[in-house]
Amino acid sequence: MRLKWAPILMLITLILLHGVSAYTVSSLVLTVYNDGYVKVEYEILPAEYSSQIELPLLGDHYENVIVEDGNGNPVNFRLENGSLLIYSGDAGIVKVSYYTPDLTAKEGMVWTLHIATNDSFTVVLPENAIVVDLSDIPLEIAGNSITMPPGNQSVSYTLNGRGRGAGSEGGTESSAYLLILAGLGVLGGFAYALWRRKGGGKSMPTREEFQARLENLDLNDEEKRALLYIFDKGGKASQAEVREAIGLPKTTAWRMFKRLERKGLVKVLKGRKENWVELRF
């Protein structure tokens with residue numbers, strides 16, 4: 001009798017443990033506007049047995065909060081003590097968006113966006129923005145989008161336009177010119193750092209050296225096997241062949257690739273027929 005009830009009791013325990021707050025952030029995008037407002041967009045994957053999600057919100061003031069499933073259908077939620085309690089039900093994907101003025105601050109001509117998060121995130125700056133400082137080496141820079149690693153991060157920028165207040169026209173133009181040079185210097189320095197991170201100017205490690213690096217990282221056995229397989233394939237392989245090689249279900253493998261990408265270890269490249277995974281260290 002006890003044996004018959006054991007699976008049921010285990011299932012109940014899993015539901016109780018994962019019923020609230022069990023989720024994975026698959027993407028976090030911050031779109032910054034000229035007036036300092038930021039649109040925050042999350043894409044969340046609830047855990048298998050999760051029916052509710054408690055998502056801590058960035059900032060203290062929130063406007064136009066929208067919560068939807070992957071098909072654009074509204075999902076029930078409520079705001080509670082700086083968190084969003086989402087009744088995800090059987091939704092496979094939950095999308096959250098809202099606006100907040102609390103993530104940016106301005107000092108003189110320079111705006112700074114600050115965020116502390118356990119996930120990597122992408123900042124989309126205004127088209128007329130010039131980056132003047134970054135708190136860490138970005139994972140990727142593409143146009144006016146910057147992808148930053150997890151942690152306590154900041155992005156400082158100025159908006160390319162005429163300054164207001166006292167000062168001659170020539171002085172304003174000189175200040176703008178210096179800011180442009182500063183922005184180019186910052187981007188150039190980080191581009192060089194990224195080049196070095198990807199192995200520019202030095203030979204690839206041996207398999208033994210690469211395997212030794214993996215032992216120093218906080219990775220489970222499946223993640224290590226996946227990274228070794230990609231290394232053996234020359235640093236790039238399709239998600240499908242990696243998944244089949246290490247024997248993982250499609251959903252489990254997808255979550256693993258997302259974890260590795262958030263850690264800055266791989267880059268998932270979207271292809272026409274299938275996605276590819278590329279080593280980034």
# chains A, B, ... in the order shown; residues from 1 in each chain; ligands from 1
$ residues_around --residues "segment 254-257 of chain A" --least-positions-apart "4" --cutoff "12 Å" --atoms "only C-alpha atoms" --output "ChimeraX atom specification"
/A:23-27,44-48,219-227,230,237-240,242-243,246,248-250,261-269,275-279
$ residues_around --residues "segment 116-123 of chain A" --least-positions-apart "4" --cutoff "8 Å" --atoms "only C-alpha atoms" --output "list in words"
Val25, Ser27, Leu28, Val29, Leu30, Thr31, Val32, Ser145, Ile146, Thr147, Met148, Pro149, Pro150, Gly151, Asn152, Gln153, Arg262 and Lys263 of chain A
$ write_last_selection --atoms "N, CA, C and O atoms" --output "PDB file, in the first residue's frame"
ATOM      1  N   VAL A  25      14.084  32.450 -16.825  1.00  0.00           N
ATOM      2  CA  VAL A  25      14.003  33.639 -17.676  1.00  0.00           C
ATOM      3  C   VAL A  25      14.755  33.334 -18.967  1.00  0.00           C
ATOM      4  O   VAL A  25      15.973  33.179 -18.958  1.00  0.00           O
ATOM      5  N   SER A  27      14.555  35.330 -21.747  1.00  0.00           N
ATOM      6  CA  SER A  27      15.075  36.586 -22.294  1.00  0.00           C
ATOM      7  C   SER A  27      14.589  37.758 -21.448  1.00  0.00           C
ATOM      8  O   SER A  27      13.494  37.721 -20.871  1.00  0.00           O
ATOM      9  N   LEU A  28      15.428  38.781 -21.365  1.00  0.00           N
ATOM     10  CA  LEU A  28      15.102  40.026 -20.677  1.00  0.00           C
ATOM     11  C   LEU A  28      15.620  41.170 -21.535  1.00  0.00           C
ATOM     12  O   LEU A  28      16.817  41.267 -21.789  1.00  0.00           O
ATOM     13  N   VAL A  29      14.699  42.014 -22.018  1.00  0.00           N
ATOM     14  CA  VAL A  29      15.060  43.116 -22.909  1.00  0.00           C
ATOM     15  C   VAL A  29      14.604  44.430 -22.281  1.00  0.00           C
ATOM     16  O   VAL A  29      13.448  44.561 -21.853  1.00  0.00           O
ATOM     17  N   LEU A  30      15.511  45.397 -22.229  1.00  0.00           N
ATOM     18  CA  LEU A  30      15.205  46.727 -21.693  1.00  0.00           C
ATOM     19  C   LEU A  30      15.336  47.735 -22.835  1.00  0.00           C
ATOM     20  O   LEU A  30      16.438  47.957 -23.338  1.00  0.00           O
ATOM     21  N   THR A  31      14.221  48.313 -23.232  1.00  0.00           N
ATOM     22  CA  THR A  31      14.221  49.322 -24.294  1.00  0.00           C
ATOM     23  C   THR A  31      14.169  50.701 -23.657  1.00  0.00           C
ATOM     24  O   THR A  31      13.214  51.036 -22.953  1.00  0.00           O
ATOM     25  N   VAL A  32      15.218  51.494 -23.888  1.00  0.00           N
ATOM     26  CA  VAL A  32      15.358  52.799 -23.237  1.00  0.00           C
ATOM     27  C   VAL A  32      14.872  53.900 -24.182  1.00  0.00           C
ATOM     28  O   VAL A  32      15.204  53.896 -25.371  1.00  0.00           O
ATOM     29  N   SER A 145      21.962  47.879 -29.720  1.00  0.00           N
ATOM     30  CA  SER A 145      21.630  46.860 -28.716  1.00  0.00           C
ATOM     31  C   SER A 145      22.906  46.333 -28.070  1.00  0.00           C
ATOM     32  O   SER A 145      23.871  46.020 -28.763  1.00  0.00           O
ATOM     33  N   ILE A 146      22.894  46.236 -26.748  1.00  0.00           N
ATOM     34  CA  ILE A 146      24.044  45.727 -25.998  1.00  0.00           C
ATOM     35  C   ILE A 146      23.546  44.624 -25.076  1.00  0.00           C
ATOM     36  O   ILE A 146      22.632  44.842 -24.284  1.00  0.00           O
ATOM     37  N   THR A 147      24.126  43.440 -25.181  1.00  0.00           N
ATOM     38  CA  THR A 147      23.781  42.329 -24.298  1.00  0.00           C
ATOM     39  C   THR A 147      24.832  42.228 -23.204  1.00  0.00           C
ATOM     40  O   THR A 147      26.020  42.083 -23.480  1.00  0.00           O
ATOM     41  N   MET A 148      24.363  42.327 -21.948  1.00  0.00           N
ATOM     42  CA  MET A 148      25.259  42.339 -20.794  1.00  0.00           C
ATOM     43  C   MET A 148      25.120  41.050 -19.993  1.00  0.00           C
ATOM     44  O   MET A 148      24.054  40.430 -19.974  1.00  0.00           O
ATOM     45  N   PRO A 149      26.188  40.635 -19.305  1.00  0.00           N
ATOM     46  CA  PRO A 149      26.121  39.429 -18.467  1.00  0.00           C
ATOM     47  C   PRO A 149      25.343  39.706 -17.182  1.00  0.00           C
ATOM     48  O   PRO A 149      25.052  40.861 -16.853  1.00  0.00           O
ATOM     49  N   PRO A 150      24.996  38.653 -16.444  1.00  0.00           N
ATOM     50  CA  PRO A 150      24.306  38.858 -15.160  1.00  0.00           C
ATOM     51  C   PRO A 150      25.174  39.637 -14.186  1.00  0.00           C
ATOM     52  O   PRO A 150      26.389  39.730 -14.342  1.00  0.00           O
ATOM     53  N   GLY A 151      24.505  40.198 -13.171  1.00  0.00           N
ATOM     54  CA  GLY A 151      25.244  40.915 -12.140  1.00  0.00           C
ATOM     55  C   GLY A 151      24.709  42.315 -11.917  1.00  0.00           C
ATOM     56  O   GLY A 151      23.627  42.681 -12.375  1.00  0.00           O
ATOM     57  N   ASN A 152      25.507  43.094 -11.196  1.00  0.00           N
ATOM     58  CA  ASN A 152      25.173  44.491 -10.911  1.00  0.00           C
ATOM     59  C   ASN A 152      25.772  45.336 -12.033  1.00  0.00           C
ATOM     60  O   ASN A 152      26.951  45.674 -11.994  1.00  0.00           O
ATOM     61  N   GLN A 153      24.980  45.691 -13.035  1.00  0.00           N
ATOM     62  CA  GLN A 153      25.495  46.271 -14.266  1.00  0.00           C
ATOM     63  C   GLN A 153      24.954  47.681 -14.499  1.00  0.00           C
ATOM     64  O   GLN A 153      23.877  48.037 -14.017  1.00  0.00           O
ATOM     65  N   ARG A 262      23.067  32.190 -21.007  1.00  0.00           N
ATOM     66  CA  ARG A 262      23.023  33.226 -19.966  1.00  0.00           C
ATOM     67  C   ARG A 262      24.354  33.331 -19.225  1.00  0.00           C
ATOM     68  O   ARG A 262      24.734  34.391 -18.755  1.00  0.00           O
ATOM     69  N   LYS A 263      25.069  32.211 -19.121  1.00  0.00           N
ATOM     70  CA  LYS A 263      26.378  32.207 -18.457  1.00  0.00           C
ATOM     71  C   LYS A 263      27.484  32.732 -19.374  1.00  0.00           C
ATOM     72  O   LYS A 263      28.628  32.858 -18.948  1.00  0.00           O
TER      73      LYS A 263
END
$ atom_distance --atom1 "atom CA of Ser156 of chain A" --atom2 "atom CA of Asp133 of chain A"
5.0 Å
$ closest_residue --among "A:Trp111, A:Tyr37, A:Phe210, A:Phe77" --to "Gln52 of chain A" --atoms "only C-alpha atoms"
A:Phe77
$ atom_distance --atom1 "atom CA of Gly143 of chain A" --atom2 "atom CA of Asn64 of chain A"
27.4 Å
